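*Asks:* Take a look at start.cif, mmCIF, C-alpha atoms (C1' of nucleotides):
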data_protein
#
loop_
_atom_site.label_atom_id
_atom_site.label_comp_id
_atom_site.auth_asym_id
_atom_site.auth_seq_id
_atom_site.Cartn_x
_atom_site.Cartn_y
_atom_site.Cartn_z
CA MET A 19 -48.12 -40.47 -81.04
CA ARG A 20 -48.66 -42.63 -77.99
CA ILE A 21 -52.32 -43.37 -77.24
CA ALA A 22 -53.34 -45.16 -74.07
CA THR A 23 -56.59 -46.56 -72.71
CA TYR A 24 -57.26 -47.16 -69.04
CA ASN A 25 -60.38 -48.26 -67.18
CA VAL A 26 -59.59 -46.46 -63.92
CA ASN A 27 -62.53 -47.84 -61.92
CA GLY A 28 -63.23 -44.60 -60.06
CA ILE A 29 -61.20 -41.56 -61.08
CA ASN A 30 -61.15 -40.04 -57.59
CA ALA A 31 -60.32 -43.27 -55.78
CA ARG A 32 -57.60 -43.82 -58.37
CA LEU A 33 -56.20 -40.31 -58.69
CA PRO A 34 -52.72 -41.01 -57.21
CA VAL A 35 -52.34 -44.09 -59.44
CA LEU A 36 -53.58 -42.20 -62.51
CA LEU A 37 -51.19 -39.28 -61.95
CA LYS A 38 -48.24 -41.59 -61.27
CA TRP A 39 -48.99 -43.54 -64.45
CA LEU A 40 -49.33 -40.36 -66.56
CA GLU A 41 -46.04 -39.06 -65.17
CA GLU A 42 -44.30 -42.37 -65.80
CA THR A 43 -45.58 -43.20 -69.30
CA LYS A 44 -46.47 -39.71 -70.64
CA PRO A 45 -49.04 -40.74 -73.25
CA ASP A 46 -50.01 -38.06 -75.78
CA VAL A 47 -53.62 -39.17 -75.48
CA ALA A 48 -55.25 -41.09 -72.62
CA CYS A 49 -58.76 -42.50 -72.91
CA LEU A 50 -60.27 -43.22 -69.51
CA GLN A 51 -63.34 -45.27 -68.60
CA GLU A 52 -65.42 -45.95 -65.51
CA LEU A 53 -64.82 -42.53 -63.97
CA LYS A 54 -67.65 -43.17 -61.47
CA ALA A 55 -68.06 -39.44 -60.95
CA PRO A 56 -70.46 -36.74 -62.15
CA ASP A 57 -69.02 -33.94 -64.31
CA GLU A 58 -68.57 -31.59 -61.34
CA LYS A 59 -66.48 -34.13 -59.44
CA ILE A 60 -63.91 -34.78 -62.15
CA PRO A 61 -60.49 -33.71 -60.76
CA LYS A 62 -60.00 -31.09 -63.45
CA GLN A 63 -57.26 -29.12 -61.71
CA GLU A 64 -55.10 -32.17 -60.97
CA ILE A 65 -55.37 -33.30 -64.60
CA GLU A 66 -54.38 -29.81 -65.78
CA ASN A 67 -51.47 -29.74 -63.33
CA ALA A 68 -50.30 -33.04 -64.81
CA GLY A 69 -50.05 -31.32 -68.20
CA TYR A 70 -53.25 -32.46 -69.89
CA THR A 71 -56.41 -30.92 -71.25
CA ALA A 72 -59.46 -33.11 -70.98
CA ILE A 73 -63.00 -33.60 -72.17
CA TRP A 74 -65.31 -35.87 -70.26
CA HIS A 75 -68.80 -37.28 -70.01
CA GLY A 76 -69.39 -38.15 -66.40
CA GLN A 77 -72.30 -39.69 -64.54
CA LYS A 78 -73.21 -39.99 -60.89
CA ARG A 79 -72.04 -43.25 -59.35
CA TRP A 80 -71.35 -45.33 -62.50
CA ASN A 81 -69.87 -45.26 -65.98
CA GLY A 82 -68.21 -42.08 -67.27
CA VAL A 83 -65.55 -41.61 -69.98
CA ALA A 84 -62.87 -39.01 -70.65
CA ILE A 85 -60.20 -38.18 -73.22
CA LEU A 86 -57.01 -36.47 -72.06
CA ALA A 87 -54.62 -34.79 -74.50
CA LYS A 88 -51.13 -33.64 -73.60
CA ASN A 89 -50.68 -29.87 -73.55
CA GLY A 90 -49.84 -28.62 -77.03
CA LEU A 91 -52.27 -31.01 -78.72
CA GLU A 92 -55.59 -29.57 -79.75
CA ILE A 93 -58.63 -31.59 -78.78
CA GLU A 94 -61.89 -31.06 -80.62
CA GLU A 95 -64.90 -32.98 -79.35
CA THR A 96 -66.91 -34.58 -82.16
CA GLY A 97 -69.57 -36.41 -80.18
CA ARG A 98 -70.80 -37.98 -76.98
CA GLY A 99 -73.17 -40.89 -76.67
CA LEU A 100 -74.23 -43.17 -79.53
CA ALA A 101 -77.26 -42.60 -81.74
CA GLY A 102 -80.19 -44.99 -81.86
CA GLU A 103 -81.50 -45.07 -78.29
CA PRO A 104 -82.41 -41.55 -77.09
CA GLU A 105 -83.58 -42.83 -73.70
CA ASP A 106 -80.11 -44.25 -72.94
CA GLU A 107 -78.61 -42.05 -70.23
CA GLN A 108 -75.45 -44.06 -69.53
CA SER A 109 -72.19 -42.16 -70.19
CA ARG A 110 -70.21 -44.63 -72.23
CA TYR A 111 -68.92 -42.95 -75.38
CA ILE A 112 -66.98 -39.77 -76.14
CA GLU A 113 -65.21 -38.91 -79.36
CA ALA A 114 -62.69 -36.26 -80.39
CA VAL A 115 -60.27 -35.31 -83.13
CA ILE A 116 -56.67 -34.96 -81.97
CA ASN A 117 -53.76 -34.54 -84.36
CA ASP A 118 -55.94 -35.35 -87.41
CA THR A 119 -56.99 -38.63 -85.81
CA THR A 120 -60.52 -39.37 -84.64
CA ILE A 121 -60.44 -41.05 -81.26
CA GLY A 122 -63.50 -42.84 -79.91
CA CYS A 123 -63.29 -43.65 -76.20
CA LEU A 124 -65.82 -46.29 -75.17
CA TYR A 125 -66.99 -48.27 -72.17
CA LEU A 126 -69.11 -51.10 -73.46
CA PRO A 127 -71.78 -52.48 -71.09
CA ASN A 128 -70.77 -55.56 -69.11
CA GLY A 129 -73.97 -57.50 -69.83
CA ASN A 130 -74.12 -59.74 -66.76
CA PRO A 131 -76.14 -61.43 -65.47
CA ALA A 132 -76.80 -63.16 -68.76
CA PRO A 133 -79.14 -63.86 -70.32
CA GLY A 134 -81.35 -60.93 -69.34
CA PRO A 135 -82.02 -57.24 -69.88
CA LYS A 136 -78.38 -56.28 -69.26
CA LEU A 137 -77.18 -58.60 -72.03
CA ASP A 138 -79.93 -57.25 -74.31
CA TYR A 139 -78.66 -53.72 -73.63
CA LYS A 140 -75.09 -54.81 -74.35
CA MET A 141 -76.12 -56.33 -77.70
CA ARG A 142 -78.03 -53.17 -78.69
CA TRP A 143 -75.05 -51.05 -77.64
CA LEU A 144 -72.73 -53.18 -79.80
CA GLN A 145 -75.05 -52.63 -82.78
CA ARG A 146 -75.13 -48.87 -82.15
CA LEU A 147 -71.33 -48.81 -81.86
CA SER A 148 -71.03 -50.80 -85.10
CA LYS A 149 -73.19 -48.25 -86.85
CA ARG A 150 -70.98 -45.38 -85.68
CA ALA A 151 -67.86 -47.39 -86.57
CA LYS A 152 -69.13 -47.92 -90.12
CA GLU A 153 -69.87 -44.20 -90.50
CA LEU A 154 -66.32 -43.40 -89.41
CA LEU A 155 -64.84 -45.93 -91.86
CA ASP A 156 -66.96 -44.48 -94.68
CA SER A 157 -65.82 -40.95 -93.81
CA ASP A 158 -62.29 -42.04 -94.79
CA VAL A 159 -60.44 -40.50 -91.84
CA ALA A 160 -57.87 -42.03 -89.49
CA VAL A 161 -59.72 -43.54 -86.52
CA VAL A 162 -58.84 -45.23 -83.25
CA LEU A 163 -61.72 -46.86 -81.36
CA THR A 164 -60.45 -47.77 -77.94
CA GLY A 165 -61.61 -48.58 -74.46
CA ASP A 166 -63.08 -51.28 -72.29
CA TYR A 167 -65.04 -53.45 -74.74
CA ASN A 168 -66.02 -56.03 -72.09
CA VAL A 169 -65.51 -58.64 -74.83
CA ILE A 170 -63.05 -61.54 -74.67
CA PRO A 171 -62.42 -62.04 -78.42
CA THR A 172 -61.04 -65.60 -78.41
CA GLU A 173 -60.16 -68.50 -76.09
CA LYS A 174 -56.60 -67.24 -76.15
CA ASP A 175 -57.74 -64.11 -74.32
CA VAL A 176 -58.95 -65.74 -71.10
CA TYR A 177 -57.11 -67.82 -68.51
CA LYS A 178 -59.78 -70.54 -68.32
CA PRO A 179 -62.16 -70.40 -71.29
CA GLU A 180 -64.32 -73.27 -70.03
CA ARG A 181 -65.36 -71.20 -67.01
CA TRP A 182 -66.47 -68.26 -69.12
CA PHE A 183 -68.66 -69.74 -71.87
CA ASP A 184 -71.92 -68.51 -70.31
CA ASP A 185 -70.55 -65.16 -69.23
CA ALA A 186 -71.66 -61.99 -71.01
CA LEU A 187 -67.99 -61.21 -71.80
CA PHE A 188 -67.52 -64.44 -73.74
CA ARG A 189 -70.93 -65.68 -74.92
CA PRO A 190 -71.03 -66.66 -78.61
CA GLU A 191 -73.42 -63.87 -79.64
CA VAL A 192 -71.21 -61.24 -77.98
CA ARG A 193 -68.05 -62.53 -79.62
CA LYS A 194 -69.85 -62.78 -82.94
CA ALA A 195 -70.99 -59.15 -82.75
CA PHE A 196 -67.44 -58.05 -81.87
CA HIS A 197 -65.92 -60.05 -84.73
CA GLU A 198 -68.46 -58.61 -87.16
CA LEU A 199 -67.49 -55.12 -86.00
CA VAL A 200 -63.80 -55.86 -86.55
CA ALA A 201 -64.61 -57.39 -89.95
CA GLN A 202 -65.87 -54.00 -91.16
CA GLY A 203 -62.19 -53.30 -91.76
CA TRP A 204 -60.68 -52.68 -88.33
CA THR A 205 -57.43 -54.03 -86.92
CA ASP A 206 -57.11 -55.33 -83.35
CA ALA A 207 -53.81 -53.52 -82.73
CA ILE A 208 -52.52 -55.54 -79.77
CA ARG A 209 -53.30 -58.89 -81.44
CA LYS A 210 -51.59 -57.68 -84.62
CA LEU A 211 -48.44 -56.83 -82.68
CA TYR A 212 -48.50 -60.08 -80.66
CA PRO A 213 -50.28 -62.76 -82.73
CA GLU A 214 -49.58 -65.65 -80.36
CA GLU A 215 -48.81 -64.25 -76.92
CA THR A 216 -51.06 -64.51 -73.90
CA ILE A 217 -52.00 -60.93 -73.10
CA TYR A 218 -54.39 -59.81 -70.37
CA THR A 219 -55.67 -56.33 -69.51
CA PHE A 220 -57.98 -57.16 -66.60
CA PHE A 221 -57.42 -59.10 -63.40
CA ASP A 222 -60.19 -59.64 -60.88
CA TYR A 223 -59.65 -58.35 -57.34
CA PHE A 224 -60.79 -61.79 -56.16
CA ARG A 225 -58.45 -64.66 -55.32
CA ASN A 226 -55.20 -62.89 -56.18
CA ALA A 227 -56.01 -63.03 -59.87
CA TYR A 228 -53.15 -60.69 -60.78
CA GLN A 229 -50.56 -62.68 -58.86
CA ARG A 230 -51.84 -65.87 -60.52
CA ASN A 231 -51.93 -64.24 -63.97
CA ALA A 232 -55.60 -65.24 -64.17
CA GLY A 233 -56.71 -62.46 -66.49
CA LEU A 234 -58.83 -61.43 -69.43
CA ARG A 235 -58.04 -59.37 -72.53
CA ILE A 236 -61.02 -57.03 -72.79
CA ASP A 237 -59.49 -53.57 -73.38
CA HIS A 238 -58.83 -53.12 -77.08
CA PHE A 239 -57.59 -50.78 -79.78
CA LEU A 240 -59.32 -50.97 -83.14
CA LEU A 241 -57.52 -49.11 -85.94
CA SER A 242 -58.97 -47.91 -89.24
CA PRO A 243 -57.11 -48.98 -92.41
CA HIS A 244 -55.19 -45.67 -92.57
CA LEU A 245 -53.44 -46.53 -89.35
CA THR A 246 -52.63 -50.23 -89.69
CA ASN A 247 -49.28 -49.54 -91.31
CA LYS A 248 -48.51 -46.75 -88.87
CA LEU A 249 -48.68 -49.03 -85.85
CA LYS A 250 -45.14 -49.08 -84.46
CA ASP A 251 -45.50 -50.58 -81.00
CA GLY A 252 -47.90 -51.28 -78.18
CA GLY A 253 -48.40 -53.18 -74.97
CA VAL A 254 -49.94 -53.43 -71.53
CA ASP A 255 -48.59 -51.49 -68.53
CA ASN A 256 -48.94 -54.64 -66.49
CA HIS A 257 -46.99 -53.44 -63.46
CA VAL A 258 -49.55 -50.68 -62.81
CA ARG A 259 -52.04 -53.42 -61.88
CA GLY A 260 -49.66 -54.33 -59.05
CA TRP A 261 -49.65 -50.86 -57.46
CA GLU A 262 -51.45 -49.99 -54.22
CA LYS A 263 -55.08 -48.86 -54.55
CA THR A 264 -55.02 -49.72 -58.25
CA SER A 265 -57.79 -50.43 -60.77
CA ASP A 266 -58.70 -54.01 -61.71
CA HIS A 267 -57.74 -53.08 -65.29
CA ALA A 268 -54.20 -52.40 -66.50
CA PRO A 269 -53.51 -49.54 -68.93
CA VAL A 270 -52.96 -50.48 -72.58
CA TRP A 271 -51.08 -48.35 -75.12
CA ILE A 272 -50.07 -48.12 -78.76
CA GLU A 273 -47.51 -46.00 -80.58
CA LEU A 274 -48.47 -44.61 -84.00
CA GLU A 275 -46.04 -43.18 -86.52
CA GLU A 276 -46.64 -39.46 -87.12
"C1'" DA B 13 -74.08 -72.00 -57.96
"C1'" DT B 14 -71.73 -68.59 -55.16
"C1'" DG B 15 -68.21 -65.99 -52.67
"C1'" DC B 16 -63.99 -63.75 -52.98
"C1'" DC B 17 -62.65 -57.65 -53.58
"C1'" DT B 18 -63.61 -52.69 -54.33
"C1'" DA B 19 -66.11 -48.29 -55.06
"C1'" DA B 20 -69.92 -44.91 -54.58
"C1'" DC B 21 -73.75 -43.28 -52.23
"C1'" DT B 22 -76.27 -43.11 -48.34
"C1'" DC B 23 -76.04 -43.75 -44.21
"C1'" DC B 24 -73.03 -48.69 -42.04
"C1'" DG B 25 -76.33 -51.83 -46.25
"C1'" DT B 26 -77.22 -51.84 -51.39
"C1'" DT B 27 -75.89 -51.95 -56.20
"C1'" DA B 28 -72.64 -52.82 -59.71
"C1'" DG B 29 -68.60 -54.39 -61.64
"C1'" DA B 30 -66.46 -58.67 -64.84
#
Show me this structure written as structure tokens.

*Replies:*
Amino acid sequence: MRIATYNVNGINARLPVLLKWLEETKPDVACLQELKAPDEKIPKQEIENAGYTAIWHGQKRWNGVAILAKNGLEIEETGRGLAGEPEDEQSRYIEAVINDTTIGCLYLPNGNPAPGPKLDYKMRWLQRLSKRAKELLDSDVAVVLTGDYNVIPTEKDVYKPERWFDDALFRPEVRKAFHELVAQGWTDAIRKLYPEETIYTFFDYFRNAYQRNAGLRIDHFLLSPHLTNKLKDGGVDNHVRGWEKTSDHAPVWIELEE
DNA sequence: ATGCCTAACTCCGTTAGA
């Protein structure tokens, strides 16, 4: 089963790129973030025509997440939003069971400018995610938690670490919270497959970052223990970042043994 | 320390992204 994650940065602005990528790579499951569209403006028909059924949690202007499953796969939604902050109206988490695997699709808050209320929200969101992650581990099912974590895990995952120390994507408390989440028993799938390589999933639109390979690794796959030995392959669809009218993120994918 | 680039929404500037 091929599972992909892709921060599209506007599903309508990115529709031709999204459809081309789906056609080219044919993932069984695609987790999308930053739809930037309310529910009624999700291009449902085009997604269906591409051969996918979808569930989504949209929002006007910002945020928004969706899970697409290839026709023939059943998709059963098991939750949207994270517990612990009822007043939180940002659409950043959707979860479903597909093929006996629980898939959490997440768009973690950016947190900048930091310090400040946005970083505080990010830290609370990380705690709420950790709580859900622990519940899923304790439930003893196969789980993939994937999406745009907005966390650079180590110095290896950023082109110039010294420029990012104060940034909400790389600050010590953010990295610490991410590493504590992983330490619950999760596996960072891409880092497991490529322990030493420089791998980036995001390239700023500014200053030809993609052409200069000045990137960040912030889109991740966390696997529950059931799946660590089923991880066959994975990677970044780097070339998609070079397409016209493309997102600033590149799609990331893994292949799990059935 | 900030802009660079891009999108959405509302109106041609503001807010947010990372």

*Asks:* Could you tell me which residues the PyMOL selection byres ((chain A) within 6 of (chain B)) returns for this structure, as a list in words?

*Replies:*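 Taken over the shown coordinates, the PyMOL selection byres ((chain A) within 6 of (chain B)) returns Arg79, Tyr223 and Phe224 of chain A.
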
*Asks:* Output C-alpha atoms for every residue in that selection, as a short mmCIF file (atom, residue, chain, number, x, y, z; two decimals), in the frame of the given file.

*Replies:*
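New file selection_34.cif:
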data_model
loop_
_atom_site.label_atom_id
_atom_site.label_comp_id
_atom_site.auth_asym_id
_atom_site.auth_seq_id
_atom_site.Cartn_x
_atom_site.Cartn_y
_atom_site.Cartn_z
CA ARG A 79 -72.04 -43.25 -59.35
CA TYR A 223 -59.65 -58.35 -57.34
CA PHE A 224 -60.79 -61.79 -56.16
#

*Asks:* Check which residues satisfy the PyMOL selection byres ((chain A and resi 167) around 10) in the file shown, then give them as a VMD selection string.

*Replies:* chain A and resid 124 to 128 144 163 to 166 168 to 171 187 196 235 to 239

*Asks:* Save the residues we just selected, C-alpha atoms, as a PDB file, in the frame of the given file?

*Replies:*
ATOM      1  CA  LEU A 124     -65.820 -46.290 -75.170  1.00  0.00           C
ATOM      2  CA  TYR A 125     -66.990 -48.270 -72.170  1.00  0.00           C
ATOM      3  CA  LEU A 126     -69.110 -51.100 -73.460  1.00  0.00           C
ATOM      4  CA  PRO A 127     -71.780 -52.480 -71.090  1.00  0.00           C
ATOM      5  CA  ASN A 128     -70.770 -55.560 -69.110  1.00  0.00           C
ATOM      6  CA  LEU A 144     -72.730 -53.180 -79.800  1.00  0.00           C
ATOM      7  CA  LEU A 163     -61.720 -46.860 -81.360  1.00  0.00           C
ATOM      8  CA  THR A 164     -60.450 -47.770 -77.940  1.00  0.00           C
ATOM      9  CA  GLY A 165     -61.610 -48.580 -74.460  1.00  0.00           C
ATOM     10  CA  ASP A 166     -63.080 -51.280 -72.290  1.00  0.00           C
ATOM     11  CA  ASN A 168     -66.020 -56.030 -72.090  1.00  0.00           C
ATOM     12  CA  VAL A 169     -65.510 -58.640 -74.830  1.00  0.00           C
ATOM     13  CA  ILE A 170     -63.050 -61.540 -74.670  1.00  0.00           C
ATOM     14  CA  PRO A 171     -62.420 -62.040 -78.420  1.00  0.00           C
ATOM     15  CA  LEU A 187     -67.990 -61.210 -71.800  1.00  0.00           C
ATOM     16  CA  PHE A 196     -67.440 -58.050 -81.870  1.00  0.00           C
ATOM     17  CA  ARG A 235     -58.040 -59.370 -72.530  1.00  0.00           C
ATOM     18  CA  ILE A 236     -61.020 -57.030 -72.790  1.00  0.00           C
ATOM     19  CA  ASP A 237     -59.490 -53.570 -73.380  1.00  0.00           C
ATOM     20  CA  HIS A 238     -58.830 -53.120 -77.080  1.00  0.00           C
ATOM     21  CA  PHE A 239     -57.590 -50.780 -79.780  1.00  0.00           C
TER      22      PHE A 239
END

*Asks:* Just how far from atom CA of A:Glu105 is atom CA of A:Ala201, in Å to one decimal?

*Replies:* 28.9 Å

*Asks:* Quote the spacing between atom CA of A:Ala195 and atom CA of A:Ser148 in Å to one decimal place.

*Replies:*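 Atom-to-atom, atom CA of A:Ala195 to atom CA of A:Ser148, that is 8.7 Å.
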
*Asks:* Could you check how far atom CA of A:Ala55 sits from atom CA of A:Lys78, in Å to one decimal?

*Replies:* 5.2 Å

*Asks:* Residue by residue, what does the PyMOL selection byres ((chain A and resi 162) around 6) grab here? Present the result as a compact mmCIF listing (two decimals) with C-alpha atoms, in the coordinates of the input.

*Replies:*
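result_27.txt, freshly written:
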# COMPACT_ATOMS: atom_id res chain seq x y z
CA ILE A 121 -60.44 -41.05 -81.26
CA VAL A 161 -59.72 -43.54 -86.52
CA LEU A 163 -61.72 -46.86 -81.36
CA LEU A 240 -59.32 -50.97 -83.14
CA LEU A 241 -57.52 -49.11 -85.94

*Asks:* Near A:Leu245, within 10 Å and counting only C-alpha atoms (C1' of nucleotides), which residues show up once chain neighbours fewer than 4 positions away are dropped, as a list of chain:residue names?

*Replies:*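 The residues that qualify are A:Thr119, A:Val159, A:Ala160, A:Val161, A:Val162, A:Trp204, A:Thr205, A:Ala207, A:Leu240, A:Leu241, A:Leu249, A:Lys250, A:Leu274, A:Glu275.
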
*Asks:* I'd like to know which of A:Glu92, A:Asp184, A:Glu107, A:Asp222 is closest to A:Gly260, using only C-alpha atoms.

*Replies:*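 So, comparing all the options, the nearest one is A:Asp222.
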
*Asks:* With a distance cut-off of 8 Å and all atoms listed in the file, select the neighbouring residues of A:Arg98, excluding the residue or stretch itself and same-chain residues fewer than 6 positions from it, and output the selection as a ChimeraX atom specification.

*Replies:* /A:75,111-113

*Asks:* Please list, as number ranges by chain, the residues that have an atom at most 12 Å away from (-52.6, -40.7, -55.8) in the coordinates of this file, counting all atoms listed in the file.

*Replies:* A: 29-41, 61, 64-65, 261-264

*Asks:* Would you mind listing what lies within 7 Å of stretch 129-143 of chain A as an MDAnalysis selection string, with only C-alpha atoms (C1' of nucleotides) counted and same-chain residues fewer than 5 positions away left out?

*Replies:* chainID A and resid 185:186 192
